[in-house]
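Heads up, upload_5.cif below (mmCIF, C-alpha atoms; chains and numbers go by the auth columns):
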data_input
#
loop_
_atom_site.group_PDB
_atom_site.id
_atom_site.type_symbol
_atom_site.label_atom_id
_atom_site.label_comp_id
_atom_site.label_asym_id
_atom_site.label_seq_id
_atom_site.Cartn_x
_atom_site.Cartn_y
_atom_site.Cartn_z
_atom_site.B_iso_or_equiv
_atom_site.auth_seq_id
_atom_site.auth_asym_id
ATOM 1 C CA MET A 1 74.018 148.217 26.417 0.00 14 I
ATOM 2 C CA THR A 2 76.499 145.765 24.967 0.00 15 I
ATOM 3 C CA LYS A 3 80.022 145.183 26.229 0.00 16 I
ATOM 4 C CA LYS A 4 81.412 146.849 23.115 0.00 17 I
ATOM 5 C CA GLU A 5 79.333 150.000 23.685 0.00 18 I
ATOM 6 C CA MET A 6 80.304 150.151 27.349 0.00 19 I
ATOM 7 C CA VAL A 7 84.021 149.755 26.569 0.00 20 I
ATOM 8 C CA ARG A 8 83.808 152.485 23.927 0.00 21 I
ATOM 9 C CA LYS A 9 82.030 154.950 26.238 0.00 22 I
ATOM 10 C CA ILE A 10 84.409 154.346 29.151 0.00 23 I
ATOM 11 C CA GLY A 11 87.401 154.672 26.814 0.00 24 I
ATOM 12 C CA GLN A 12 86.132 158.017 25.517 0.00 25 I
ATOM 13 C CA ARG A 13 85.429 159.395 29.003 0.00 26 I
ATOM 14 C CA LEU A 14 88.775 158.332 30.480 0.00 27 I
ATOM 15 C CA ASN A 15 90.834 158.782 27.311 0.00 28 I
ATOM 16 C CA LEU A 16 92.189 155.214 27.561 0.00 29 I
ATOM 17 C CA SER A 17 92.565 152.516 24.924 0.00 30 I
ATOM 18 C CA GLN A 18 89.660 150.187 24.329 0.00 31 I
ATOM 19 C CA ASP A 19 92.009 147.216 24.694 0.00 32 I
ATOM 20 C CA LEU A 20 92.916 148.275 28.241 0.00 33 I
ATOM 21 C CA ILE A 21 89.272 148.894 29.188 0.00 34 I
ATOM 22 C CA ASN A 22 88.317 145.528 27.685 0.00 35 I
ATOM 23 C CA ARG A 23 90.916 143.698 29.815 0.00 36 I
ATOM 24 C CA VAL A 24 89.817 145.537 32.971 0.00 37 I
ATOM 25 C CA TYR A 25 86.176 144.682 32.258 0.00 38 I
ATOM 26 C CA ASP A 26 87.012 140.981 31.737 0.00 39 I
ATOM 27 C CA GLU A 27 89.006 140.846 34.984 0.00 40 I
ATOM 28 C CA ALA A 28 86.196 142.566 36.908 0.00 41 I
ATOM 29 C CA VAL A 29 83.735 139.955 35.654 0.00 42 I
ATOM 30 C CA LYS A 30 86.128 137.155 36.683 0.00 43 I
ATOM 31 C CA VAL A 31 86.444 138.603 40.198 0.00 44 I
ATOM 32 C CA ILE A 32 82.652 138.887 40.543 0.00 45 I
ATOM 33 C CA VAL A 33 82.164 135.273 39.388 0.00 46 I
ATOM 34 C CA GLU A 34 84.814 134.052 41.857 0.00 47 I
ATOM 35 C CA GLU A 35 83.075 135.909 44.701 0.00 48 I
ATOM 36 C CA LEU A 36 79.733 134.379 43.769 0.00 49 I
ATOM 37 C CA LYS A 37 81.274 130.893 43.677 0.00 50 I
ATOM 38 C CA ASN A 38 83.104 131.299 46.992 0.00 51 I
ATOM 39 C CA ARG A 39 80.661 133.324 49.085 0.00 52 I
ATOM 40 C CA ASP A 40 77.317 133.180 47.203 0.00 53 I
ATOM 41 C CA ARG A 41 77.324 137.007 47.226 0.00 54 I
ATOM 42 C CA ALA A 42 79.191 139.875 45.559 0.00 55 I
ATOM 43 C CA ILE A 43 78.717 143.434 46.782 0.00 56 I
ATOM 44 C CA LEU A 44 79.235 146.186 44.203 0.00 57 I
ATOM 45 C CA PRO A 45 79.339 149.537 46.046 0.00 58 I
ATOM 46 C CA GLY A 46 77.044 152.100 44.473 0.00 59 I
ATOM 47 C CA ILE A 47 75.287 149.442 42.375 0.00 60 I
ATOM 48 C CA GLY A 48 74.014 146.787 44.765 0.00 61 I
ATOM 49 C CA SER A 49 74.644 143.190 45.680 0.00 62 I
ATOM 50 C CA LEU A 50 74.502 140.092 43.524 0.00 63 I
ATOM 51 C CA VAL A 51 73.194 137.040 45.361 0.00 64 I
ATOM 52 C CA LEU A 52 73.489 133.455 44.108 0.00 65 I
ATOM 53 C CA THR A 53 70.237 131.535 44.566 0.00 66 I
ATOM 54 C CA LYS A 54 69.093 128.065 43.609 0.00 67 I
ATOM 55 C CA THR A 55 65.810 127.460 41.822 0.00 68 I
ATOM 56 C CA THR A 56 63.583 124.514 42.619 0.00 69 I
ATOM 57 C CA PRO A 57 62.389 122.048 39.979 0.00 70 I
ATOM 58 C CA ARG A 58 59.087 123.126 38.445 0.00 71 I
ATOM 59 C CA LYS A 59 56.404 121.285 36.524 0.00 72 I
ATOM 60 C CA PHE A 60 55.666 122.403 32.979 0.00 73 I
ATOM 61 C CA VAL A 61 53.297 121.465 30.163 0.00 74 I
ATOM 62 C CA LEU A 62 54.296 121.728 26.505 0.00 75 I
ATOM 63 C CA PRO A 63 51.792 122.773 23.817 0.00 76 I
ATOM 64 C CA ASP A 64 51.441 119.151 22.644 0.00 77 I
ATOM 65 C CA GLY A 65 50.286 118.152 26.145 0.00 78 I
ATOM 66 C CA THR A 66 53.411 116.408 27.408 0.00 79 I
ATOM 67 C CA THR A 67 54.497 117.274 30.917 0.00 80 I
ATOM 68 C CA GLY A 68 57.875 117.401 32.560 0.00 81 I
ATOM 69 C CA ARG A 69 59.965 118.904 35.309 0.00 82 I
ATOM 70 C CA SER A 70 62.676 121.509 34.933 0.00 83 I
ATOM 71 C CA LYS A 71 66.064 120.887 36.496 0.00 84 I
ATOM 72 C CA PRO A 72 67.131 122.863 39.562 0.00 85 I
ATOM 73 C CA ARG A 73 69.743 125.469 38.644 0.00 86 I
ATOM 74 C CA LYS A 74 71.700 128.379 40.016 0.00 87 I
ATOM 75 C CA THR A 75 70.680 131.935 39.208 0.00 88 I
ATOM 76 C CA VAL A 76 71.828 135.395 40.250 0.00 89 I
ATOM 77 C CA ARG A 77 69.516 137.966 41.824 0.00 90 I
ATOM 78 C CA ILE A 78 70.420 141.651 42.152 0.00 91 I
ATOM 79 C CA ASN A 79 69.466 143.805 45.104 0.00 92 I
ATOM 80 C CA PRO A 80 69.973 147.419 43.983 0.00 93 I
ATOM 81 C CA SER A 81 71.609 149.821 46.416 0.00 94 I
ATOM 82 C CA SER A 82 69.692 152.820 47.710 0.00 95 I
ATOM 83 C CA LYS A 83 72.244 155.122 46.033 0.00 96 I
ATOM 84 C CA LEU A 84 71.504 153.551 42.647 0.00 97 I
ATOM 85 C CA ILE A 85 67.768 153.923 43.163 0.00 98 I
ATOM 86 C CA GLU A 86 68.184 157.597 44.135 0.00 99 I
ATOM 87 C CA LYS A 87 70.200 158.300 40.978 0.00 100 I
ATOM 88 C CA LEU A 88 67.495 156.798 38.783 0.00 101 I
#
Just dump the structure as structure tokens.
Amino acid sequence: MTKKEMVRKIGQRLNLSQDLINRVYDEAVKVIVEELKNRDRAILPGIGSLVLTKTTPRKFVLPDGTTGRSKPRKTVRINPSSKLIEKL
């Protein structure tokens, strides 16, 4: 589902303008990113928790035979809530 589709569906269900829903969505994403930066975790009730993790450098081989190492980076892992799993 794209952001545009989600905004349209929420707007139809709540009978609100897509501009308002779009701004709320953007602010929600900003709040989640701030939580991940500050606490390495963001809990979304009913959905689950997002946890910031760091990957380790890994070795790789390209098709032409050259080897290298990937850079360590940050990634986000989701732990779904039991309520979400029950609904699925």
Residues at most 8 Å from Ala55 (chain I), counting all atoms listed in the file, excluding those fewer than 6 positions away in the same chain, as a CSV table (one decimal) with C-alpha atoms, in the coordinates of the input?
chain,number,residue,atom,x,y,z
I,45,ILE,CA,82.7,138.9,40.5
I,48,GLU,CA,83.1,135.9,44.7
I,49,LEU,CA,79.7,134.4,43.8
I,62,SER,CA,74.6,143.2,45.7
I,63,LEU,CA,74.5,140.1,43.5
I,64,VAL,CA,73.2,137.0,45.4
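Going from CA of Asn92 (chain I) over to CA of Tyr38 (chain I), you cover 21.1 Å.
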Resolved residues for the PyMOL selection byres ((chain I and resi 87) around 9) as an mmCIF file with C-alpha atoms, in the coordinates of the input:
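Written output follows (result-v2.cif):
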data_model
loop_
_atom_site.group_PDB
_atom_site.id
_atom_site.type_symbol
_atom_site.label_atom_id
_atom_site.label_comp_id
_atom_site.auth_asym_id
_atom_site.auth_seq_id
_atom_site.Cartn_x
_atom_site.Cartn_y
_atom_site.Cartn_z
ATOM 1 C CA LEU I 65 73.489 133.455 44.108
ATOM 2 C CA THR I 66 70.237 131.535 44.566
ATOM 3 C CA LYS I 67 69.093 128.065 43.609
ATOM 4 C CA THR I 68 65.810 127.460 41.822
ATOM 5 C CA PRO I 85 67.131 122.863 39.562
ATOM 6 C CA ARG I 86 69.743 125.469 38.644
ATOM 7 C CA THR I 88 70.680 131.935 39.208
ATOM 8 C CA VAL I 89 71.828 135.395 40.250
#
With all atoms listed in the file as the counted atoms, please give the residues lying no more than 10 Å from region 95-100 of chain I, apart from itself and same-chain residues fewer than 6 positions off, as a PyMOL selection string.
chain I and resi 58-61
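Closest to Val37 (chain I) among I:Asp53, I:Thr69, I:Val20, I:Ile91 is I:Val20, based on all atoms listed in the file.
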Separation of CA of Leu101 (chain I) from CA of Lys16 (chain I), in Å and rounded to one decimal
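CA of Lys16 (chain I) lies 21.2 Å from CA of Leu101 (chain I).
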Report the distance between CA of Lys17 (chain I) and CA of Gln31 (chain I) in Å, rounded to one decimal place.
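That distance, rounded to one decimal, is 9.0 Å.
Using all atoms listed in the file, the shortest contact distance between Arg90 (chain I) and any of I:Val42, I:Asp77, I:Arg54, I:Arg71 is found at I:Arg54.
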For region 49-62 of chain I, I'd like the enclosing box, axis-aligned and padded by 4 Å on every side, reported as lines of an AutoDock Vina configuration file with centre and edge lengths in Å to one decimal.
center_x = 78.6
center_y = 141.5
center_z = 45.7
size_x = 17.1
size_y = 29.2
size_z = 14.7
